[in-house]
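Asker: File follows, data24.pdb with PDB, C-alpha atoms:
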```
ATOM      1  CA  MET A  12      66.398  61.833 167.759
ATOM      2  CA  GLY A  13      63.402  63.791 169.002
ATOM      3  CA  VAL A  14      61.256  66.233 167.071
ATOM      4  CA  ALA A  15      62.647  69.758 166.922
ATOM      5  CA  SER A  16      60.596  72.197 168.972
ATOM      6  CA  MET A  17      60.794  75.701 170.345
ATOM      7  CA  LEU A  18      58.963  77.848 172.869
ATOM      8  CA  TYR A  19      58.175  81.549 172.526
ATOM      9  CA  GLU A  20      57.407  83.777 175.500
ATOM     10  CA  ILE A  21      56.141  87.002 173.935
ATOM     11  CA  GLY A  22      55.387  90.343 175.519
ATOM     12  CA  SER A  23      56.537  92.218 178.596
ATOM     13  CA  ARG A  24      53.561  91.763 180.899
ATOM     14  CA  PHE A  25      50.743  89.316 181.581
ATOM     15  CA  HIS A  26      47.933  91.704 180.594
ATOM     16  CA  GLN A  27      49.535  93.470 177.630
ATOM     17  CA  PRO A  28      47.567  96.511 176.369
ATOM     18  CA  CYS A  29      46.216  95.809 172.872
ATOM     19  CA  ALA A  30      47.754  98.905 171.278
ATOM     20  CA  GLU A  31      51.150  98.081 172.796
ATOM     21  CA  PHE A  32      50.882  94.493 171.592
ATOM     22  CA  GLU A  33      49.944  95.495 168.037
ATOM     23  CA  ASP A  34      52.402  98.386 167.679
ATOM     24  CA  GLU A  35      55.462  96.979 169.498
ATOM     25  CA  VAL A  36      55.279  93.278 170.340
ATOM     26  CA  VAL A  37      53.948  91.993 167.011
ATOM     27  CA  PRO A  38      56.380  93.893 164.716
ATOM     28  CA  LYS A  39      59.352  92.714 166.798
ATOM     29  CA  ASN A  40      58.354  89.043 166.904
ATOM     30  CA  LEU A  41      56.409  88.368 163.686
ATOM     31  CA  PRO A  42      59.488  87.883 161.439
ATOM     32  CA  SER A  43      60.847  85.258 163.824
ATOM     33  CA  LEU A  44      57.491  83.452 164.041
ATOM     34  CA  ILE A  45      57.168  83.376 160.245
ATOM     35  CA  TYR A  46      60.728  82.078 159.931
ATOM     36  CA  ALA A  47      60.029  79.320 162.470
ATOM     37  CA  ALA A  48      56.927  78.291 160.517
ATOM     38  CA  LYS A  49      58.850  78.194 157.230
ATOM     39  CA  ILE A  50      61.582  75.875 158.545
ATOM     40  CA  ALA A  51      59.279  73.684 160.671
ATOM     41  CA  HIS A  52      59.109  70.701 158.290
ATOM     42  CA  LYS A  53      62.927  70.489 157.866
ATOM     43  CA  PRO A  54      64.439  72.554 160.697
ATOM     44  CA  PHE A  55      67.899  70.983 160.786
ATOM     45  CA  SER A  56      68.387  71.449 157.032
ATOM     46  CA  LEU A  57      66.597  74.657 156.031
ATOM     47  CA  ILE A  58      68.143  76.705 158.833
ATOM     48  CA  LYS A  59      71.543  76.273 157.135
ATOM     49  CA  GLY A  60      70.359  77.935 153.923
ATOM     50  CA  PRO A  61      69.605  81.587 153.106
ATOM     51  CA  ASP A  62      66.183  83.131 153.640
ATOM     52  CA  VAL A  63      64.202  85.368 151.256
ATOM     53  CA  PHE A  64      62.897  88.769 152.373
ATOM     54  CA  GLU A  65      60.961  91.685 150.857
ATOM     55  CA  LEU A  66      59.345  89.422 148.269
ATOM     56  CA  ASP A  67      57.316  91.401 145.765
ATOM     57  CA  ALA A  68      55.533  89.586 142.922
ATOM     58  CA  ARG A  69      53.209  91.418 140.553
ATOM     59  CA  HIS A  70      51.823  91.250 137.039
ATOM     60  CA  ASP A  71      52.286  94.312 134.872
ATOM     61  CA  ASN A  72      51.909  94.793 131.109
ATOM     62  CA  GLY A  73      51.923  91.073 130.359
ATOM     63  CA  GLU A  74      54.975  90.324 132.507
ATOM     64  CA  LEU A  75      55.599  88.653 135.849
ATOM     65  CA  ARG A  76      57.942  90.881 137.825
ATOM     66  CA  VAL A  77      59.522  89.487 140.980
ATOM     67  CA  SER A  78      61.989  91.177 143.307
ATOM     68  CA  ALA A  79      63.405  90.107 146.674
ATOM     69  CA  THR A  80      66.406  90.105 148.980
ATOM     70  CA  ALA A  81      68.173  86.853 149.888
ATOM     71  CA  SER A  82      70.242  86.774 153.076
ATOM     72  CA  ASP A  83      72.268  84.051 154.753
ATOM     73  CA  GLY A  84      72.680  85.943 158.000
ATOM     74  CA  LYS A  85      69.660  88.158 158.683
ATOM     75  CA  MET A  86      67.570  85.591 160.587
ATOM     76  CA  VAL A  87      70.460  83.300 161.596
ATOM     77  CA  ASN A  88      73.399  85.271 162.931
ATOM     78  CA  ALA A  89      76.811  84.469 161.486
ATOM     79  CA  ILE A  90      78.807  82.092 163.710
ATOM     80  CA  GLN A  91      82.544  82.043 163.152
ATOM     81  CA  ILE A  92      84.460  78.823 163.770
ATOM     82  CA  SER A  93      86.928  80.754 165.941
ATOM     83  CA  SER A  94      84.179  81.962 168.299
ATOM     84  CA  GLU A  95      84.977  80.764 171.838
ATOM     85  CA  GLU A  96      81.272  80.596 172.668
ATOM     86  CA  PHE A  97      80.549  78.094 169.882
ATOM     87  CA  LYS A  98      83.933  76.344 169.600
ATOM     88  CA  ASN A  99      82.731  73.150 171.247
ATOM     89  CA  SER A 100      79.187  73.124 169.887
ATOM     90  CA  SER A 101      79.565  73.356 166.107
ATOM     91  CA  ASP A 102      82.149  73.666 163.369
ATOM     92  CA  TYR A 103      79.568  74.945 160.860
ATOM     93  CA  PRO A 104      80.110  78.659 160.015
ATOM     94  CA  THR A 105      76.415  79.360 159.431
ATOM     95  CA  GLY A 106      75.201  82.738 158.258
ATOM     96  CA  SER A 107      78.320  83.732 156.354
ATOM     97  CA  GLN A 108      78.000  81.831 153.056
ATOM     98  CA  VAL A 109      77.722  83.674 149.745
ATOM     99  CA  ILE A 110      74.341  83.580 147.989
ATOM    100  CA  ASN A 111      74.797  81.455 144.866
ATOM    101  CA  ALA A 112      71.299  81.467 143.345
ATOM    102  CA  VAL A 113      67.635  82.298 143.908
ATOM    103  CA  TYR A 114      65.030  80.251 142.025
ATOM    104  CA  VAL A 115      61.425  81.144 141.175
ATOM    105  CA  TYR A 116      58.794  78.395 140.830
ATOM    106  CA  LEU A 117      55.313  79.055 139.432
ATOM    107  CA  ASP A 118      52.339  77.054 140.775
ATOM    108  CA  GLN A 119      54.662  74.272 141.949
ATOM    109  CA  HIS A 120      56.328  73.770 145.316
ATOM    110  CA  PRO A 121      60.128  73.472 145.084
ATOM    111  CA  ASP A 122      60.011  70.074 146.810
ATOM    112  CA  ASP A 123      57.875  68.775 143.915
ATOM    113  CA  TRP A 124      60.081  70.186 141.156
ATOM    114  CA  GLN A 125      61.633  67.758 138.681
ATOM    115  CA  GLU A 126      64.019  68.236 135.784
ATOM    116  CA  GLY A 127      62.075  69.755 132.889
ATOM    117  CA  ASP A 128      59.544  71.607 135.084
ATOM    118  CA  ILE A 129      59.365  75.411 135.065
ATOM    119  CA  ARG A 130      61.996  77.104 137.170
ATOM    120  CA  TRP A 131      63.575  80.514 136.598
ATOM    121  CA  ASP A 132      66.919  81.843 137.847
ATOM    122  CA  MET A 133      66.722  85.326 139.336
ATOM    123  CA  ASP A 134      69.380  87.927 138.492
ATOM    124  CA  ALA A 135      71.525  89.688 141.080
ATOM    125  CA  ILE A 136      70.817  93.400 140.713
ATOM    126  CA  ASP A 137      74.532  94.221 140.964
ATOM    127  CA  SER A 138      75.333  91.316 138.562
ATOM    128  CA  ASN A 139      77.637  89.706 141.152
ATOM    129  CA  TRP A 140      76.957  86.771 143.482
ATOM    130  CA  ASP A 141      79.654  87.657 145.990
ATOM    131  CA  THR A 142      78.106  88.424 149.396
ATOM    132  CA  ASN A 143      75.877  86.738 151.968
ATOM    133  CA  GLU A 144      73.054  89.152 151.072
ATOM    134  CA  GLU A 145      71.874  89.885 147.529
ATOM    135  CA  SER A 146      69.031  91.910 146.013
ATOM    136  CA  VAL A 147      67.535  89.947 143.113
ATOM    137  CA  ARG A 148      64.907  90.371 140.382
ATOM    138  CA  LEU A 149      63.193  88.518 137.559
ATOM    139  CA  THR A 150      61.013  89.631 134.645
ATOM    140  CA  VAL A 151      59.350  87.041 132.384
ATOM    141  CA  SER A 152      56.532  87.144 129.845
ATOM    142  CA  THR A 153      53.237  85.555 130.916
ATOM    143  CA  LYS A 154      51.665  85.312 127.453
ATOM    144  CA  ASP A 155      51.737  81.492 127.614
ATOM    145  CA  PHE A 156      50.070  81.319 131.034
ATOM    146  CA  PRO A 157      46.333  81.567 131.796
ATOM    147  CA  SER A 158      44.751  84.578 133.461
ATOM    148  CA  GLY A 159      43.815  84.205 137.099
ATOM    149  CA  LYS A 160      45.425  83.680 140.482
ATOM    150  CA  HIS A 161      48.854  82.028 140.613
ATOM    151  CA  ILE A 162      51.406  81.375 143.341
ATOM    152  CA  VAL A 163      55.147  81.952 143.129
ATOM    153  CA  HIS A 164      57.678  80.257 145.401
ATOM    154  CA  LEU A 165      61.224  81.523 145.941
ATOM    155  CA  GLN A 166      64.139  79.548 147.370
ATOM    156  CA  ALA A 167      67.742  80.690 147.752
ATOM    157  CA  ILE A 168      70.886  78.516 147.632
ATOM    158  CA  ASP A 169      74.213  79.322 149.307
ATOM    159  CA  SER A 170      77.795  78.584 148.279
ATOM    160  CA  LEU A 171      77.824  75.300 150.214
ATOM    161  CA  GLY A 172      74.763  74.106 148.307
ATOM    162  CA  TYR A 173      72.297  74.482 151.179
ATOM    163  CA  ALA A 174      68.734  75.500 150.235
ATOM    164  CA  GLY A 175      66.941  77.835 152.611
ATOM    165  CA  PRO A 176      63.288  78.161 153.621
ATOM    166  CA  ILE A 177      60.678  78.850 150.940
ATOM    167  CA  SER A 178      58.919  82.213 150.623
ATOM    168  CA  SER A 179      55.698  82.462 148.620
ATOM    169  CA  ALA A 180      53.260  85.056 147.311
ATOM    170  CA  PHE A 181      50.054  85.086 145.284
ATOM    171  CA  VAL A 182      49.894  87.079 142.056
ATOM    172  CA  THR A 183      47.009  87.533 139.626
ATOM    173  CA  PHE A 184      47.682  87.416 135.907
ATOM    174  CA  ALA A 185      45.331  89.743 134.034
ATOM    175  CA  GLN A 186      46.174  89.235 130.386
ATOM    176  CA  GLU A 187      45.287  92.322 128.373
ATOM    177  CA  SER A 188      43.226  91.926 125.219
ATOM    178  CA  THR A 189      44.454  93.552 122.014
ATOM    179  CA  PRO A 190      42.331  96.555 120.958
ATOM    180  CA  ALA A 191      40.617  96.303 117.579
ATOM    181  CA  PRO A 192      42.426  98.098 114.714
ATOM    182  CA  GLY A 193      41.733 101.828 114.696
ATOM    183  CA  THR A 194      40.706 101.926 118.365
ATOM    184  CA  THR A 195      42.569 102.994 121.479
ATOM    185  CA  SER A 196      42.480 101.573 124.970
ATOM    186  CA  PRO A 197      43.455 104.237 127.517
ATOM    187  CA  SER A 198      44.727 103.003 130.862
ATOM    188  CA  PHE A 199      43.116 103.868 134.159
ATOM    189  CA  HIS A 200      44.284 103.178 137.703
ATOM    190  CA  GLN A 201      42.552 103.149 141.051
ATOM    191  CA  ALA A 202      43.147 105.999 143.489
ATOM    192  CA  ALA A 203      42.535 105.346 147.175
ATOM    193  CA  LYS A 204      42.733 107.275 150.427
ATOM    194  CA  GLY A 205      46.188 106.974 152.006
ATOM    195  CA  CYS A 206      44.947 106.107 155.515
ATOM    196  CA  LEU A 207      41.552 105.006 156.827
ATOM    197  CA  LYS A 208      40.590 105.883 160.403
ATOM    198  CA  ARG A 209      39.665 102.839 162.507
ATOM    199  CA  ARG A 210      37.532 104.662 165.054
ATOM    200  CA  ASN A 211      35.020 106.101 162.605
ATOM    201  CA  ASN A 212      34.925 103.056 160.289
ATOM    202  CA  GLU A 213      35.977 105.391 157.500
ATOM    203  CA  GLN A 214      35.074 104.170 154.023
ATOM    204  CA  GLN A 215      37.531 103.994 151.134
ATOM    205  CA  VAL A 216      37.181 106.404 148.241
ATOM    206  CA  ASP A 217      36.325 104.889 144.868
ATOM    207  CA  LEU A 218      38.187 106.783 142.151
ATOM    208  CA  CYS A 219      39.147 105.461 138.732
ATOM    209  CA  LEU A 220      41.581 107.936 137.192
ATOM    210  CA  ALA A 221      43.159 108.210 133.782
ATOM    211  CA  ASN A 222      46.925 107.729 133.867
ATOM    212  CA  GLU A 223      47.271 111.402 132.983
ATOM    213  CA  HIS A 224      45.001 113.137 135.491
ATOM    214  CA  THR A 225      43.998 116.818 135.668
ATOM    215  CA  SER A 226      45.259 117.430 139.210
ATOM    216  CA  ASN A 227      48.031 116.198 141.469
ATOM    217  CA  ILE A 228      47.578 112.857 143.260
ATOM    218  CA  ALA A 229      49.696 111.791 146.254
ATOM    219  CA  VAL A 230      52.331 109.047 145.952
ATOM    220  CA  ASN A 231      52.775 106.306 148.571
ATOM    221  CA  CYS A 232      55.464 103.681 147.899
ATOM    222  CA  CYS A 233      55.412 100.142 149.311
ATOM    223  CA  SER A 234      57.850  97.253 149.621
ATOM    224  CA  GLY A 235      57.555  93.719 150.961
ATOM    225  CA  SER A 236      54.206  91.970 151.331
ATOM    226  CA  GLN A 237      51.453  91.279 153.848
ATOM    227  CA  GLN A 238      51.919  87.522 153.353
ATOM    228  CA  ASN A 239      55.536  87.680 154.526
ATOM    229  CA  GLY A 240      54.890  90.152 157.334
ATOM    230  CA  ASP A 241      57.434  92.658 155.974
ATOM    231  CA  LEU A 242      55.105  95.132 154.250
ATOM    232  CA  SER A 243      56.294  98.724 154.649
ATOM    233  CA  CYS A 244      55.328 102.135 153.260
ATOM    234  CA  SER A 245      57.190 105.380 152.654
ATOM    235  CA  ARG A 246      56.512 108.781 151.090
ATOM    236  CA  PRO A 247      59.973 109.715 149.782
ATOM    237  CA  GLY A 248      60.112 113.373 148.797
ATOM    238  CA  CYS A 249      56.412 113.976 149.622
ATOM    239  CA  ILE A 250      55.673 113.722 145.900
ATOM    240  CA  GLN A 251      52.332 114.559 144.245
ATOM    241  CA  THR A 252      51.900 114.164 140.506
ATOM    242  CA  MET A 253      49.213 114.167 137.800
ATOM    243  CA  SER A 254      50.931 111.235 136.035
ATOM    244  CA  TYR A 255      50.565 107.584 137.037
ATOM    245  CA  ASP A 256      53.741 106.743 135.102
ATOM    246  CA  GLU A 257      55.700 109.385 137.039
ATOM    247  CA  ALA A 258      54.365 108.036 140.335
ATOM    248  CA  LYS A 259      55.313 104.489 139.358
ATOM    249  CA  ALA A 260      58.790 105.540 138.194
ATOM    250  CA  HIS A 261      59.359 107.534 141.405
ATOM    251  CA  CYS A 262      58.688 104.502 143.615
ATOM    252  CA  GLU A 263      60.796 102.220 141.436
ATOM    253  CA  SER A 264      63.703 104.684 141.640
ATOM    254  CA  MET A 265      63.611 104.067 145.401
ATOM    255  CA  SER A 266      63.589 100.266 144.881
ATOM    256  CA  MET A 267      59.923 100.276 145.925
ATOM    257  CA  ARG A 268      56.565 100.141 144.096
ATOM    258  CA  LEU A 269      53.153 101.761 144.203
ATOM    259  CA  CYS A 270      50.945 100.335 146.949
ATOM    260  CA  THR A 271      47.760  98.423 146.199
ATOM    261  CA  THR A 272      44.363  99.538 147.491
ATOM    262  CA  ALA A 273      44.288  96.529 149.839
ATOM    263  CA  GLU A 274      47.643  97.528 151.324
ATOM    264  CA  LEU A 275      46.443 101.087 151.939
ATOM    265  CA  GLU A 276      43.318  99.700 153.624
ATOM    266  CA  ALA A 277      45.625  97.692 155.908
ATOM    267  CA  ARG A 278      46.825 101.112 157.169
ATOM    268  CA  VAL A 279      50.461 100.449 156.269
ATOM    269  CA  CYS A 280      50.877 104.083 155.162
ATOM    270  CA  CYS A 281      49.195 105.747 158.145
ATOM    271  CA  GLY A 282      51.262 108.359 159.951
ATOM    272  CA  LYS A 283      54.087 108.477 157.395
ATOM    273  CA  GLY A 284      54.090 112.263 157.128
ATOM    274  CA  CYS A 285      53.575 114.709 154.242
ATOM    275  CA  TYR A 286      49.914 115.239 155.307
ATOM    276  CA  PHE A 287      48.933 112.513 152.816
ATOM    277  CA  ASN A 288      46.645 110.499 155.125
ATOM    278  CA  LYS A 289      43.453 112.103 153.840
ATOM    279  CA  LEU A 290      44.529 112.556 150.225
ATOM    280  CA  PRO A 291      43.748 110.239 147.305
ATOM    281  CA  THR A 292      46.902 108.375 146.311
ATOM    282  CA  TRP A 293      47.920 106.471 143.178
ATOM    283  CA  THR A 294      47.729 102.673 143.452
ATOM    284  CA  SER A 295      48.971  99.881 141.187
ATOM    285  CA  ASP A 296      45.409  98.537 140.760
ATOM    286  CA  MET A 297      43.988  98.932 137.260
ATOM    287  CA  CYS A 298      40.336  99.850 136.730
ATOM    288  CA  GLU A 299      37.902 100.636 133.928
ATOM    289  CA  GLU A 300      36.299 104.033 133.381
ATOM    290  CA  ILE A 301      32.506 103.893 133.614
TER
END
```
Could you rewrite the structure in this file as structure tokens?

Answerer:
Amino acid sequence: MGVASMLYEIGSRFHQPCAEFEDEVVPKNLPSLIYAAKIAHKPFSLIKGPDVFELDARHDNGELRVSATASDGKMVNAIQISSEEFKNSSDYPTGSQVINAVYVYLDQHPDDWQEGDIRWDMDAIDSNWDTNEESVRLTVSTKDFPSGKHIVHLQAIDSLGYAGPISSAFVTFAQESTPAPGTTSPSFHQAAKGCLKRRNNEQQVDLCLANEHTSNIAVNCCSGSQQNGDLSCSRPGCIQTMSYDEAKAHCESMSMRLCTTAELEARVCCGKGCYFNKLPTWTSDMCEEI
């Protein structure tokens, strides 16, 4: 048996304009390229299992919070056994299995996991594992883990027991110190400009705001991640608020989250309406008042 291989021919012309390539060709093809890379070391096995999308891993108030969507048919279309086109090529009904579980591994690749090692089961948001696509989440305390940069790996399993490709994301644990008795420790969060102009090499604003500010700050909500190529931004309701907690709750009510400064600097929120491009916007990045 030979080594599995594939060939991509990308674009619509030999000399593709850069703007057209970045704005149209890349968004259409990047998910497929990432998927191909994730299954490359076991293509005949991993392709049978469900994939993980919209992975979001963050550390907040001493907890690791992970959310994602697992799908058995988004990247690999469902093939029914009765399909005339595939009747003589395969009797495997791929893409239509129910998601049975999604596991989270911390600082350890799933292939290296052994009984007794750390592994968490994610919860289905609707509490039922009954479809080939499930939204899942996990919240665990990080008090027993060291501060610093960690990596989380997610892998989904379908009803036939097939494990899909692994999706990963870095997350930094910043364990908060306990204030001395009789003192208070107010929280501050970074505010950043919603969109930086490329042409003028526009510089980011540097604002460290108290969670309860004295004027309204714009709200940009993100989902997905840059690592997985599915980062997206929205401004639902064109909301501005003086409260960080209100901004955070607003995004979470839309099954999204506040963007980070790095994500805003990647221009993910540019051109999303509401005239927010030039306005300071709440981010999830904490800071210290000087």

Asker: For Val77 (chain A), work out the shell of residues within 7 Å, counting only C-alpha atoms and skipping chain neighbours fewer than 3 positions away, then give it as a list in words.

Answerer: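 Once the nearby chain positions are removed, what remains is Asp67, Ala68, Arg69, Arg148, Leu149 and Thr150 of chain A.
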
Asker: What separation in Å, quoted to one decimal, exists between CA of Ala277 (chain A) and CA of Gln237 (chain A)?

Answerer: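 If I compute the distance from CA of Ala277 (chain A) to CA of Gln237 (chain A), I get 8.9 Å.
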
Asker: Enumerate, as a PyMOL selection string, the residues matched when the PyMOL selection byres ((chain A and resi 268) around 12) is run on the file above.

Answerer: chain A and resi 65-69+71+76-78+230-236+242-247+255-267+269-271+274+293-296

Asker: Work out how far apart CA of Val279 (chain A) and CA of Gly205 (chain A) are and give it in Å to one decimal.

Answerer: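 Result for CA of Val279 (chain A) versus CA of Gly205 (chain A): 8.9 Å, one decimal.
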
Asker: Have a look at A:Pro61, A:Thr80, A:Cys206, A:Ser254 and name the one nearest to Cys281 (chain A); count only C-alpha atoms.

Answerer: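 That would be A:Cys206, the residue with the smallest distance to Cys281 (chain A).
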
Asker: Go through A:Asp137, A:Asp62, A:Asp83, A:Glu74 and flag the residue nearest Ile45 (chain A), using only C-alpha atoms for the distances.

Answerer: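 Of A:Asp137, A:Asp62, A:Asp83, A:Glu74, the one nearest Ile45 (chain A), counting only C-alpha atoms, is A:Asp62.
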
Asker: Would you compute the distance between CA of Ala48 (chain A) and CA of Asn239 (chain A)? Give it in Å to one decimal.

Answerer: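 The value is 11.2 Å.
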
Asker: What's around Gln238 (chain A) at 9 Å? Count all atoms listed in the file, leave out sequence neighbours fewer than 6 positions away in its own chain, and write the answer as an MDAnalysis selection string.

Answerer: chainID A and resid 179:181

Asker: Given all atoms listed in the file as the basis, pick out the residue of A:Val36, A:Ala167, A:Cys298, A:Ala81 nearest to Phe199 (chain A).

Answerer: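 For Phe199 (chain A), the nearest of the given residues is A:Cys298.
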
Asker: Counting only C-alpha atoms, which residue out of A:Ser82, A:Ser178, A:Gln27, A:Asn222 sits closest to Ser198 (chain A)?

Answerer: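 Ranking A:Ser82, A:Ser178, A:Gln27, A:Asn222 by distance to Ser198 (chain A), first place goes to A:Asn222.
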
Asker: Any chance you could work out the residue set of the PyMOL selection byres ((chain A and resi 152-156) around 8) here, as a ChimeraX atom specification?

Answerer: /A:73-75,150-151,157-158,184,186

Asker: Could you check the closest approach to Leu290 (chain A) for each of A:Ala202, A:Ile58, A:Asp123, A:Lys53 and tell me which residue wins, using all atoms listed in the file?

Answerer: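 Residue with the minimum atom-to-atom distance to Leu290 (chain A): A:Ala202.
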
Asker: Find the residue from A:Val182, A:Leu218, A:Cys285, A:Cys280 that sits nearest to Gly248 (chain A); use all atoms listed in the file when measuring.

Answerer: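 Residue with the minimum atom-to-atom distance to Gly248 (chain A): A:Cys285.
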
Asker: Skipping near chain neighbours, those fewer than 2 positions away, what residues fall within 10 Å of Gly172 (chain A) using all atoms listed in the file, listed as JSON, numbers by chain?

Answerer: {"A": [59, 60, 108, 110, 111, 112, 167, 168, 169, 170, 174, 175]}
